[in-house]
Every structure is written in structure tokens, then in C-alpha cells.
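**Q** Got a file for you: target-v4.csv, CSV, C-alpha atoms and all ligand atoms.
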chain,number,residue,atom,x,y,z
A,1,MET,CA,215.3,187.7,77.8
A,2,LEU,CA,217.5,186.6,74.9
A,3,GLY,CA,216.9,183.5,72.8
A,4,ILE,CA,213.8,182.2,71.2
A,5,ASP,CA,212.1,178.8,71.5
A,6,VAL,CA,211.2,177.2,68.2
A,7,GLY,CA,209.0,174.1,67.4
A,8,ILE,CA,209.3,172.4,64.1
A,9,ASP,CA,207.0,169.8,62.5
A,10,LEU,CA,209.3,168.6,59.7
A,11,GLY,CA,207.0,166.5,57.5
A,12,SER,CA,207.4,164.6,54.2
A,13,SER,CA,205.2,167.3,52.6
A,14,ASN,CA,205.2,170.3,54.8
A,15,ILE,CA,207.3,172.1,57.3
A,16,ILE,CA,205.4,174.0,60.0
A,17,VAL,CA,207.3,176.3,62.4
A,18,TYR,CA,206.0,177.6,65.8
A,19,VAL,CA,207.7,180.3,67.8
A,20,LYS,CA,206.9,180.7,71.4
A,21,GLY,CA,204.9,183.9,72.0
A,22,ARG,CA,204.2,184.3,68.3
A,23,GLY,CA,202.4,181.1,67.2
A,24,ILE,CA,202.8,179.5,63.8
A,25,VAL,CA,205.1,181.7,61.8
A,26,LEU,CA,205.9,179.5,58.8
A,27,SER,CA,204.1,176.9,56.8
A,28,GLU,CA,205.8,175.8,53.6
A,29,PRO,CA,206.3,172.6,51.5
A,30,SER,CA,209.4,170.7,52.7
A,31,ALA,CA,211.1,171.0,49.3
A,32,VAL,CA,214.5,172.3,48.3
A,33,ALA,CA,215.7,173.1,44.8
A,34,VAL,CA,219.5,172.8,44.2
A,35,ARG,CA,221.9,173.3,41.4
A,36,LYS,CA,224.8,170.8,41.3
A,37,LEU,CA,228.2,172.4,41.1
A,38,PRO,CA,231.1,170.8,39.2
A,39,ARG,CA,233.2,170.1,42.3
A,40,ALA,CA,232.4,166.8,43.9
A,41,GLY,CA,229.5,167.1,46.3
A,42,GLY,CA,229.1,170.8,45.7
A,43,TYR,CA,225.7,172.4,45.4
A,44,GLU,CA,223.9,175.7,45.5
A,45,ILE,CA,220.5,176.2,46.9
A,46,ILE,CA,218.2,177.8,44.4
A,47,ALA,CA,214.9,177.8,46.3
A,48,VAL,CA,213.2,176.4,49.4
A,49,GLY,CA,209.6,175.8,50.3
A,50,ARG,CA,206.7,176.9,48.0
A,51,GLU,CA,209.1,178.1,45.3
A,52,ALA,CA,211.0,174.8,45.2
A,53,LYS,CA,207.7,172.8,45.1
A,54,ALA,CA,206.5,174.9,42.2
A,55,MET,CA,209.7,173.9,40.4
A,56,SER,CA,209.0,170.1,40.9
A,57,GLY,CA,208.6,168.4,37.6
A,58,LYS,CA,209.9,171.3,35.5
A,59,VAL,CA,213.5,171.9,36.5
A,60,PRO,CA,216.1,172.1,33.7
A,61,LYS,CA,219.0,169.8,33.5
A,62,GLY,CA,221.5,170.4,36.3
A,63,ILE,CA,218.8,171.5,38.8
A,64,GLU,CA,217.1,169.1,41.1
A,65,ALA,CA,213.9,169.5,43.3
A,66,ILE,CA,214.4,167.4,46.4
A,67,TRP,CA,212.1,166.3,49.1
A,68,PRO,CA,214.6,165.6,51.9
A,69,LEU,CA,212.0,163.9,54.2
A,70,GLN,CA,210.8,160.5,52.9
A,71,GLU,CA,208.0,158.6,54.7
A,72,GLY,CA,208.4,160.8,57.7
A,73,VAL,CA,212.1,160.4,58.3
A,74,ILE,CA,215.3,161.9,56.9
A,75,GLY,CA,216.1,160.6,53.4
A,76,ASN,CA,218.7,163.3,52.6
A,77,PHE,CA,220.6,164.6,55.6
A,78,ASP,CA,222.3,167.6,54.1
A,79,MET,CA,219.1,168.9,52.5
A,80,THR,CA,217.2,168.4,55.8
A,81,GLU,CA,219.8,170.5,57.5
A,82,GLU,CA,219.4,173.2,54.8
A,83,LEU,CA,215.6,173.2,55.4
A,84,ILE,CA,216.0,173.6,59.1
A,85,ARG,CA,218.6,176.3,58.6
A,86,TYR,CA,216.2,178.2,56.3
A,87,CYS,CA,213.5,178.0,59.0
A,88,LEU,CA,215.8,179.2,61.7
A,89,ARG,CA,217.0,182.1,59.6
A,90,ARG,CA,213.5,183.1,58.8
A,91,VAL,CA,212.5,183.2,62.5
A,92,SER,CA,215.6,184.9,63.8
A,93,GLY,CA,215.8,187.5,60.9
A,94,ASN,CA,219.2,189.0,61.0
A,95,ASN,CA,219.4,189.2,64.7
A,96,SER,CA,222.5,187.1,65.6
A,97,LEU,CA,221.4,187.1,69.3
A,98,LEU,CA,218.5,184.9,68.3
A,99,SER,CA,220.3,182.7,65.9
A,100,HIS,CA,220.9,179.7,68.3
A,101,PRO,CA,217.5,178.9,69.6
A,102,ARG,CA,216.1,176.1,71.6
A,103,VAL,CA,214.4,173.8,69.1
A,104,VAL,CA,211.9,171.0,69.7
A,105,ILE,CA,211.4,168.9,66.6
A,106,SER,CA,208.8,166.1,66.1
A,107,VAL,CA,209.6,162.6,64.9
A,108,PRO,CA,207.3,159.7,63.9
A,109,ALA,CA,206.6,157.3,66.8
A,110,GLU,CA,208.1,154.5,64.8
A,111,ALA,CA,211.4,156.3,64.0
A,112,THR,CA,214.4,154.2,65.0
A,113,GLU,CA,217.1,155.5,67.4
A,114,VAL,CA,219.4,156.1,64.4
A,115,GLU,CA,216.6,158.1,62.7
A,116,ARG,CA,215.9,160.1,65.9
A,117,LYS,CA,219.6,160.9,66.2
A,118,ALA,CA,219.7,162.1,62.6
A,119,PHE,CA,216.9,164.6,63.4
A,120,ILE,CA,218.9,165.9,66.4
A,121,ASP,CA,222.1,166.1,64.5
A,122,ALA,CA,220.4,168.0,61.6
A,123,THR,CA,218.8,170.4,64.0
A,124,LEU,CA,222.1,171.2,65.8
A,125,GLY,CA,224.0,171.3,62.5
A,126,ALA,CA,221.5,173.9,61.3
A,127,GLY,CA,222.4,176.2,64.1
A,128,ALA,CA,220.1,175.3,67.1
A,129,GLY,CA,221.6,175.9,70.5
A,130,GLU,CA,219.6,173.0,72.0
A,131,ALA,CA,217.7,170.3,70.2
A,132,TYR,CA,214.9,168.1,71.6
A,133,ILE,CA,212.6,165.6,70.0
A,134,VAL,CA,209.0,164.7,70.7
A,135,GLU,CA,207.1,161.9,69.2
A,136,GLU,CA,204.5,163.1,66.7
A,137,PRO,CA,201.4,161.4,68.2
A,138,ILE,CA,202.1,163.0,71.5
A,139,SER,CA,202.4,166.5,70.0
A,140,ALA,CA,199.4,165.8,67.7
A,141,ALA,CA,197.3,164.9,70.7
A,142,LEU,CA,198.4,168.0,72.6
A,143,GLY,CA,197.7,170.1,69.6
A,144,VAL,CA,194.1,169.0,69.3
A,145,GLY,CA,193.7,169.4,73.1
A,146,LEU,CA,193.5,165.8,74.2
A,147,PRO,CA,194.3,165.1,77.9
A,148,ILE,CA,197.4,162.9,77.3
A,149,ASP,CA,198.2,162.5,81.1
A,150,LYS,CA,194.9,160.8,82.0
A,151,ALA,CA,194.7,157.1,82.4
A,152,ASN,CA,191.9,157.2,79.8
A,153,GLY,CA,193.5,156.2,76.5
A,154,CYS,CA,192.9,158.4,73.5
A,155,MET,CA,193.6,157.5,69.8
A,156,VAL,CA,195.1,159.8,67.2
A,157,ILE,CA,195.3,159.0,63.5
A,158,ASP,CA,197.7,161.1,61.5
A,159,ILE,CA,197.6,160.9,57.7
A,160,GLY,CA,200.3,163.1,56.2
A,161,GLY,CA,202.2,163.1,52.9
A,162,GLY,CA,204.5,160.2,53.5
A,163,THR,CA,203.1,158.2,56.4
A,164,SER,CA,199.8,157.2,58.0
A,165,GLU,CA,200.2,156.6,61.7
A,166,VAL,CA,197.8,155.5,64.4
A,167,SER,CA,198.6,155.7,68.1
A,168,VAL,CA,197.0,155.3,71.5
A,169,ILE,CA,198.2,157.5,74.3
A,170,SER,CA,197.7,156.9,78.0
A,171,LEU,CA,199.4,158.4,81.0
A,172,GLY,CA,201.6,160.7,78.9
A,173,GLY,CA,203.1,157.9,76.8
A,174,ILE,CA,202.4,155.9,73.6
A,175,VAL,CA,200.8,152.6,74.4
A,176,VAL,CA,200.2,151.3,70.9
A,177,THR,CA,201.4,152.6,67.6
A,178,SER,CA,201.3,151.3,64.0
A,179,SER,CA,202.0,152.9,60.7
A,180,VAL,CA,201.9,152.4,57.0
A,181,ARG,CA,204.2,154.1,54.6
A,182,SER,CA,201.5,155.2,52.3
A,183,ALA,CA,199.5,158.4,52.6
A,184,GLY,CA,198.9,161.6,50.6
A,185,ARG,CA,201.9,161.2,48.2
A,186,ALA,CA,200.9,157.6,47.4
A,187,MET,CA,197.4,158.9,46.7
A,188,ASP,CA,198.8,161.4,44.2
A,189,ALA,CA,200.8,158.7,42.5
A,190,ALA,CA,197.7,156.5,42.3
A,191,ILE,CA,195.8,159.3,40.6
A,192,ALA,CA,198.6,160.0,38.1
A,193,ALA,CA,198.7,156.2,37.3
A,194,MET,CA,194.9,156.1,36.7
A,195,VAL,CA,195.0,159.1,34.4
A,196,ARG,CA,197.9,157.6,32.5
A,197,GLN,CA,196.2,154.2,32.1
A,198,ARG,CA,192.7,155.4,31.3
A,199,TYR,CA,193.3,158.6,29.3
A,200,SER,CA,196.9,158.0,28.2
A,201,LEU,CA,197.8,161.3,29.7
A,202,LEU,CA,201.0,162.1,31.6
A,203,ILE,CA,200.6,164.4,34.6
A,204,GLY,CA,203.0,165.6,37.2
A,205,GLU,CA,202.8,165.1,41.0
A,206,ASN,CA,201.7,168.6,41.7
A,207,THR,CA,198.8,168.3,39.2
A,208,ALA,CA,197.8,164.9,40.7
A,209,GLU,CA,197.8,166.4,44.2
A,210,GLU,CA,195.6,169.3,43.0
A,211,VAL,CA,193.1,166.7,41.6
A,212,LYS,CA,193.1,164.8,45.0
A,213,ASN,CA,192.6,168.0,47.0
A,214,THR,CA,189.9,169.3,44.7
A,215,ILE,CA,187.7,166.3,43.9
A,216,GLY,CA,189.2,163.4,45.9
A,217,SER,CA,187.0,161.6,48.4
A,218,ALA,CA,186.7,158.4,50.4
A,219,LEU,CA,182.9,158.0,50.2
A,220,PRO,CA,180.4,158.9,47.4
A,221,LEU,CA,179.7,162.6,47.0
A,222,THR,CA,176.4,164.2,46.2
A,223,PRO,CA,176.7,165.5,43.6
A,224,GLU,CA,179.8,163.8,42.2
A,225,LEU,CA,182.3,166.3,40.7
A,226,GLU,CA,184.4,166.7,37.6
A,227,MET,CA,187.6,168.5,36.9
A,228,SER,CA,189.6,169.4,33.8
A,229,VAL,CA,193.1,168.1,33.9
A,230,LYS,CA,196.0,169.1,31.6
A,231,GLY,CA,199.0,167.1,30.8
A,232,LEU,CA,201.1,165.6,28.0
A,233,ASP,CA,200.0,163.0,25.5
A,234,PRO,CA,202.9,160.6,25.2
A,235,SER,CA,201.9,159.4,21.8
A,236,ASN,CA,202.7,162.7,20.1
A,237,GLY,CA,204.3,164.7,22.9
A,238,LEU,CA,201.5,167.4,22.7
A,239,PRO,CA,199.5,169.0,25.5
A,240,LYS,CA,196.1,167.5,26.1
A,241,SER,CA,193.2,168.2,28.4
A,242,ILE,CA,190.7,165.7,29.8
A,243,LEU,CA,187.8,165.6,32.3
A,244,VAL,CA,188.2,163.3,35.3
A,245,SER,CA,185.3,162.5,37.6
A,246,SER,CA,185.4,162.2,41.4
A,247,VAL,CA,184.1,158.6,41.0
A,248,GLU,CA,187.2,157.4,39.1
A,249,VAL,CA,189.5,159.4,41.5
A,250,ARG,CA,187.9,157.7,44.5
A,251,GLU,CA,188.3,154.3,42.8
A,252,SER,CA,192.0,155.0,42.2
A,253,LEU,CA,192.5,155.9,45.9
A,254,GLU,CA,190.5,152.8,47.1
A,255,SER,CA,193.4,150.5,47.9
A,256,ILE,CA,195.2,153.2,49.9
A,257,THR,CA,192.0,154.0,51.8
A,258,ILE,CA,191.6,150.3,52.6
A,259,GLY,CA,195.2,150.1,53.8
A,260,ILE,CA,194.5,153.0,56.2
A,261,GLU,CA,191.3,151.3,57.4
A,262,ASP,CA,193.2,148.0,58.0
A,263,MET,CA,195.9,149.8,60.0
A,264,VAL,CA,193.3,151.3,62.4
A,265,LYS,CA,191.5,147.9,62.7
A,266,VAL,CA,194.8,146.1,63.5
A,267,ALA,CA,195.7,148.8,66.1
A,268,LEU,CA,192.4,148.4,67.9
A,269,GLU,CA,192.7,144.6,67.8
A,270,LYS,CA,196.2,144.8,69.4
A,271,MET,CA,194.9,146.9,72.3
A,272,PRO,CA,194.1,145.7,75.8
A,273,PRO,CA,190.3,145.6,76.1
A,274,GLU,CA,190.1,148.3,78.8
A,275,LEU,CA,192.0,150.7,76.6
A,276,ALA,CA,189.9,149.8,73.5
A,277,LYS,CA,186.8,150.7,75.6
A,278,ASP,CA,188.3,154.1,76.5
A,279,VAL,CA,188.9,154.8,72.8
A,280,VAL,CA,185.4,153.8,71.8
A,281,ASP,CA,184.0,156.0,74.6
A,282,SER,CA,186.1,159.1,73.8
A,283,GLY,CA,186.3,158.8,70.0
A,284,ILE,CA,189.2,159.0,67.7
A,285,VAL,CA,190.9,162.2,66.4
A,286,LEU,CA,191.9,162.3,62.7
A,287,SER,CA,194.8,164.7,61.9
A,288,GLY,CA,197.3,165.4,59.1
A,289,GLY,CA,196.5,167.0,55.8
A,290,VAL,CA,194.7,164.0,54.4
A,291,ALA,CA,192.2,164.3,57.2
A,292,LEU,CA,190.7,166.9,54.9
A,293,LEU,CA,189.8,164.3,52.3
A,294,PRO,CA,185.9,164.4,52.2
A,295,GLY,CA,184.4,161.2,53.6
A,296,LEU,CA,187.6,159.8,55.2
A,297,ALA,CA,186.6,160.4,58.8
A,298,GLU,CA,183.1,159.0,58.2
A,299,ARG,CA,184.4,156.0,56.4
A,300,LEU,CA,186.9,155.2,59.2
A,301,SER,CA,184.2,155.7,61.8
A,302,ASN,CA,181.9,153.2,60.0
A,303,THR,CA,184.8,150.7,59.7
A,304,VAL,CA,185.7,150.6,63.4
A,305,ASN,CA,182.2,151.6,64.7
A,306,THR,CA,183.6,154.5,66.7
A,307,PRO,CA,183.2,158.3,66.2
A,308,VAL,CA,186.1,159.8,64.3
A,309,ILE,CA,186.5,163.6,64.7
A,310,VAL,CA,188.6,165.7,62.3
A,311,ALA,CA,191.0,168.0,64.1
A,312,GLU,CA,190.2,171.6,63.8
A,313,LYS,CA,193.4,172.5,62.0
A,314,PRO,CA,194.6,169.1,60.8
A,315,LEU,CA,197.7,170.4,59.0
A,316,TYR,CA,198.8,172.2,62.2
A,317,SER,CA,198.0,169.8,65.0
A,318,VAL,CA,201.6,168.6,65.5
A,319,ALA,CA,203.1,172.1,65.4
A,320,LEU,CA,200.5,173.4,67.8
A,321,GLY,CA,201.3,170.6,70.2
A,322,VAL,CA,205.0,171.3,70.0
A,323,GLY,CA,204.0,174.9,70.7
A,324,LYS,CA,202.2,173.8,73.9
A,325,ILE,CA,205.4,172.0,75.0
A,326,LEU,CA,207.4,175.2,74.5
A,327,ASP,CA,204.8,177.3,76.3
A,328,ASN,CA,205.1,175.1,79.3
A,329,PHE,CA,208.6,173.8,78.9
A,330,SER,CA,209.6,173.0,82.5
A,331,VAL,CA,206.5,170.8,83.0
A,332,MET,CA,206.3,169.3,79.6
A,333,ARG,CA,209.9,168.5,79.2
A,334,ARG,CA,209.2,165.0,80.4
A,335,VAL,CA,207.4,164.1,77.2
A,336,LEU,CA,210.6,164.8,75.2
A,337,THR,CA,212.1,161.4,74.7
A,338,TYR,CA,215.6,162.3,73.8
A,339,VAL,CA,217.6,165.3,74.9
A,340,GLU,CA,220.9,166.6,73.8
A,341,ARG,CA,222.5,169.8,74.9
A,342,GLY,CA,224.5,172.2,72.8
A,343,SER,CA,225.8,175.5,74.0
A,344,ARG,CA,223.1,178.1,74.5
B,1,LIG,N1,192.0,169.2,51.1
B,1,LIG,C1,192.8,168.1,51.1
B,1,LIG,N2,192.3,166.9,50.8
B,1,LIG,C2,193.1,165.8,50.7
B,1,LIG,N3,194.4,165.9,51.0
B,1,LIG,C3,195.0,167.0,51.4
B,1,LIG,C4,194.2,168.2,51.5
B,1,LIG,N4,195.0,169.3,51.8
B,1,LIG,C5,196.3,168.7,52.0
B,1,LIG,N5,196.2,167.4,51.7
B,1,LIG,C6,197.4,166.5,51.7
B,1,LIG,O1,197.9,166.3,52.9
B,1,LIG,C7,199.3,165.9,52.8
B,1,LIG,C8,200.2,166.7,53.7
B,1,LIG,O2,199.8,166.6,55.0
B,1,LIG,P1,200.8,166.9,56.2
B,1,LIG,O3,201.3,168.3,56.0
B,1,LIG,O4,200.1,166.6,57.4
B,1,LIG,O5,201.9,165.9,55.9
B,1,LIG,P2,203.4,165.9,56.5
B,1,LIG,O6,203.3,166.1,57.9
B,1,LIG,O7,204.3,166.8,55.7
B,1,LIG,O8,203.9,164.4,56.1
B,1,LIG,P3,204.2,163.2,57.1
B,1,LIG,O9,203.6,163.4,58.4
B,1,LIG,O10,203.7,162.0,56.4
B,1,LIG,O11,205.7,163.2,57.1
B,1,LIG,C9,199.6,166.1,51.3
B,1,LIG,O12,199.7,164.9,50.7
B,1,LIG,C10,198.5,167.0,50.8
B,1,LIG,O13,198.2,166.8,49.4
B,2,MG,MG,203.1,165.0,59.6
How does this structure look as C-alpha cells?
Ligand SMILES: Nc1ncnc2c1ncn2[C@@H]1O[C@H](COP(=O)(O)OP(=O)(O)OP(=O)(O)O)[C@@H](O)[C@H]1O
Ligand SMILES: [Mg+2]
**A**
Amino acid sequence: MLGIDVGIDLGSSNIIVYVKGRGIVLSEPSAVAVRKLPRAGGYEIIAVGREAKAMSGKVPKGIEAIWPLQEGVIGNFDMTEELIRYCLRRVSGNNSLLSHPRVVISVPAEATEVERKAFIDATLGAGAGEAYIVEEPISAALGVGLPIDKANGCMVIDIGGGTSEVSVISLGGIVVTSSVRSAGRAMDAAIAAMVRQRYSLLIGENTAEEVKNTIGSALPLTPELEMSVKGLDPSNGLPKSILVSSVEVRESLESITIGIEDMVKVALEKMPPELAKDVVDSGIVLSGGVALLPGLAERLSNTVNTPVIVAEKPLYSVALGVGKILDNFSVMRRVLTYVERGSR
């Protein structure tokens, strides 16, 4: 059999690729570093993924580190296409027989028709033979093993880099969905702002992210933690190192955490009572990278008085769900909301 089937979770922070029969084969930051060329619109790709992210905040003049996905949708079309092309090249190697695969790509539930079409166009433009899209909450639910076809509603909360999304799924479709455009990235920015204001220290987004992922939390920790953070003192332009505590990091994240709590509360309030009862009975699944923030699941659980369970592999839920669709394509095809055929 020729041809491969590829599933892509193209997030604001990470790109995760699943290949049928092989599982997750690629997990990289969704960043591209480019050098602008003198001719109009010309550019040269310098790095993609981990290497491009490492360049963020330290690229010389003329080079730019770009995050093509913003708040879950395509912000820079050409660079999104480059990212997908890079993934397809990586999975097909140099085998030209494998170079026009069937691709299923996930999109936020709240993406507009225009935004959905852009995902399809970028996927086909990057070399896919066929491109399909699936809504992220559906694939996240499949990825964590929830029974999406049952009449019992289930709720999935996905907190990624660019968006926080809550959805209720029943009978294979999305019944309620709501999202806020603030998630992991906004948390990093809040930490950088706090460090600047309190310690008059400038830090980059990668450093702020490391602080969040090392000592960040949504509820008090025992014991509370400390971390040394290095940056630049703007008063003299010299490097400086300070100690930040998990208490002040948590405080800086508070308004974003409250925003996520409010989003979940509103979604529950909007729900028909029978569905709300199902959700309370079966519990809520928390997915996306920020699900790993200590205390977040417990805090959400307290707020809505319902058990909140962290997905087993929160960074991979969506890609694993897309994988389940590929593994059983003829049956699962009906959950793909938009289909366009190329030449396979
Ligand atoms: N241990 C951790 N604690 C807190 N946050 C974490 C942890 N590990 C990863 N993250 C954060 O999770 C976010 C990335 O999550 P994910 O890969 O699910 O996002 P994405 O799918 O790329 O974005 P989106 O779905 O919003 O488009 C980043 O902000 C990252 O810093
Ligand atoms: Mg995501």
C-alpha cells in the first residue's frame, strides 16, 4: 500500500504529528526562523521547531523568529505552510511515493469558515494529497478516550499556548463551546511583566515560560518554591540575577486563572440542565500543556464543584485523537467537518 496518513495538531505553541501505524513521530515548537531577502517578499528559512524557538529573542538584525499560529488560528499563512511542509518532509523522508499523504489537521471549534479554509489551503499548499479538518475538542475527547458518540455529554477543557477552550460533546458533535484568547503565552507575558515591575529586570519569553513551567501554580504549594532568574537590568544594560518565589508567580497568573474559571462557569451556565447533569456525573477532562500547571485542575474542580481529571498526556491529547480518526478512517470520517479533495 502506498501513501501515508498523517494527523497534525498545529497549535500556537507546539506542532504534534501522528502517522498512522507509527504513532506520534514529531513534537516541536511551532516556530520558524527566517532571513529576509532583498527582493520583495523573499525569505530564506533558517530553522524550524526547537531550533527556531531557541533563537526567539536573540536573533540578529535581518532574521526573524515567527510563530505563525496566533491564538489557535493562522496568523501568517506562508509560514504556516512552511511548518506543515517541514512536517510532511520529516515524515516522508526522501521517499517521493509518500510525499502527498492524506492529512487530517485539527482546528479550534470557534474557528470561522475563512480560518478553516486557510488551514485546508495551507495543508494542500504544503504538499498534502488530501486535507481534512477536525475540530479540536472532538479530537481531544477521542484522544483521552471519552465516548463521544454517547448521548451522555462530556466536557473537555483545553488550555494551550494561545487559547483556552471549553467544549461539551454529545452524540459525536459539539453542543456548547466557548473560548478565551489567553492561555500559556499570556501567562508567560504576565510573569515577565511582574519581574520587570518588581525587580526591574527584563526577561525574554522563553525564560518567563521556564519560570511558569518550573514554579508556576494555581493553588498554594507546600513548600512554596524559589527560582533564580537571569535577565537584563535596563538601568545599566548589565546582566542581573534575582530570586523569584512561587507565591509571586502565582499572583501574577491570578487574573488569567480567574479568566479560565469564568469561562468554564459560563459554559456550564449556558448548558441545558440535563447535559450539565451528565457533565457533573462524568467529570471534566483537562487537556493542553497548561493542564500540567500544579493546582489548576483542583482549582477548577473547586470552582465548578465537579471532578476535573488531567488527561494522561495533555500535550498529546489532540494528536492522539486525530490518530484514532486515521486508524479508523472510514467510520470516523463523519466527524470531519470539512472535506476537500486533491489528487492522491
Ligand atoms: N509543566 C507545565 N506547566 C505549565 N504550563 C506548561 C507546562 N508544560 C507546558 N506548558 C505550557 O503549555 C503551553 C503549550 O500547550 P499546547 O502544546 O497544548 O498548546 P498549543 O496546542 O500549541 O496551543 P493552542 O492550542 O492554544 O493553539 C505552553 O504555553 C507551555 O508553556
Ligand atoms: Mg492546542
**Q** For Gly7 in chain A, work out the shell of residues within 6 Å, counting all atoms listed in the file and skipping chain neighbours fewer than 6 positions away, then give it as a PyMOL selection string.
**A** chain A and resi 17-18+103-105+322
**Q** Mind listing the residues within 9 Å of ligand LIG 1 (chain B), all atoms listed in the file counted, as a PyMOL selection string?
**A** chain A and resi 9-16+29-30+69-73+107-108+136+158-165+181-188+206+208-210+212-217+287-294+314-318
**Q** Nearest to ligand MG 2 (chain B) among A:Ser255, A:Ser330, A:Ser241, A:Ser139, with distances taken over all atoms listed in the file: which residue is it?
**A** A:Ser139
**Q** Which of these residues is nearest to ligand MG 2 (chain B), using only C-alpha atoms and all ligand atoms: A:Gly323, A:Pro220, A:Pro101, A:Pro137?
**A**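 Smallest distance to ligand MG 2 (chain B) is found for A:Pro137.
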**Q** Do you have the CA of Glu298 in chain A-CA of Pro273 in chain A distance handy?
**A**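 If I compute the distance from CA of Glu298 in chain A to CA of Pro273 in chain A, I get 23.5 Å.
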**Q** Pick from A:Glu82, A:Glu274, A:Asn94, A:Ile8: nearest to ligand MG 2 (chain B), with all atoms listed in the file counted?
**A**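 Looking only at the distances to ligand MG 2 (chain B), the closest residue turns out to be A:Ile8.
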**Q** Could you name the residues that touch Ile325 in chain A at 10 Å or less, counting only C-alpha atoms, but leaving out those on the same chain fewer than 5 positions away, as a list in words?
**A**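 What passes the distance filter is Gly7, Lys20, Val104, Val134, Ser139, Leu142, Gly143, Ala319, Leu320, Ser330, Val331, Met332, Arg333, Arg334, Val335 and Leu336 of chain A.
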**Q** Could you check the closest approach to ligand MG 2 (chain B) for each of A:Ala109, A:Pro307, A:Asp262, A:Asp278 and tell me which residue wins, using all atoms listed in the file?
**A**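 Of A:Ala109, A:Pro307, A:Asp262, A:Asp278, the one nearest ligand MG 2 (chain B), counting all atoms listed in the file, is A:Ala109.
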**Q** Counting all atoms listed in the file, what is within 7 Å of Arg35 in chain A, bar same-chain residues fewer than 6 positions away, as a count of residues only?
**A** 7
**Q** Using only C-alpha atoms, which residues sit within 8 Å of Thr337 in chain A once same-chain residues fewer than 4 positions away are excluded, as a list in words?
**A**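 Near Thr337 in chain A, the qualifying residues are Tyr132, Ile133, Val134 and Glu135 of chain A.
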**Q** Write out as a PDB file with C-alpha atoms, in the frame of the given file each polymer residue whose atoms come within 10 Å of Arg299 in chain A, counting all atoms listed in the file; drop sequence neighbours fewer than 3 positions from it.
**A**
ATOM      1  CA  ALA A 218     186.700 158.400  50.400  1.00  0.00           C
ATOM      2  CA  LEU A 219     182.900 158.000  50.200  1.00  0.00           C
ATOM      3  CA  THR A 257     192.000 154.000  51.800  1.00  0.00           C
ATOM      4  CA  ILE A 258     191.600 150.300  52.600  1.00  0.00           C
ATOM      5  CA  GLU A 261     191.300 151.300  57.400  1.00  0.00           C
ATOM      6  CA  PRO A 294     185.900 164.400  52.200  1.00  0.00           C
ATOM      7  CA  GLY A 295     184.400 161.200  53.600  1.00  0.00           C
ATOM      8  CA  LEU A 296     187.600 159.800  55.200  1.00  0.00           C
ATOM      9  CA  ASN A 302     181.900 153.200  60.000  1.00  0.00           C
ATOM     10  CA  THR A 303     184.800 150.700  59.700  1.00  0.00           C
ATOM     11  CA  VAL A 304     185.700 150.600  63.400  1.00  0.00           C
ATOM     12  CA  ASN A 305     182.200 151.600  64.700  1.00  0.00           C
ATOM     13  CA  VAL A 308     186.100 159.800  64.300  1.00  0.00           C
TER      14      VAL A 308
END
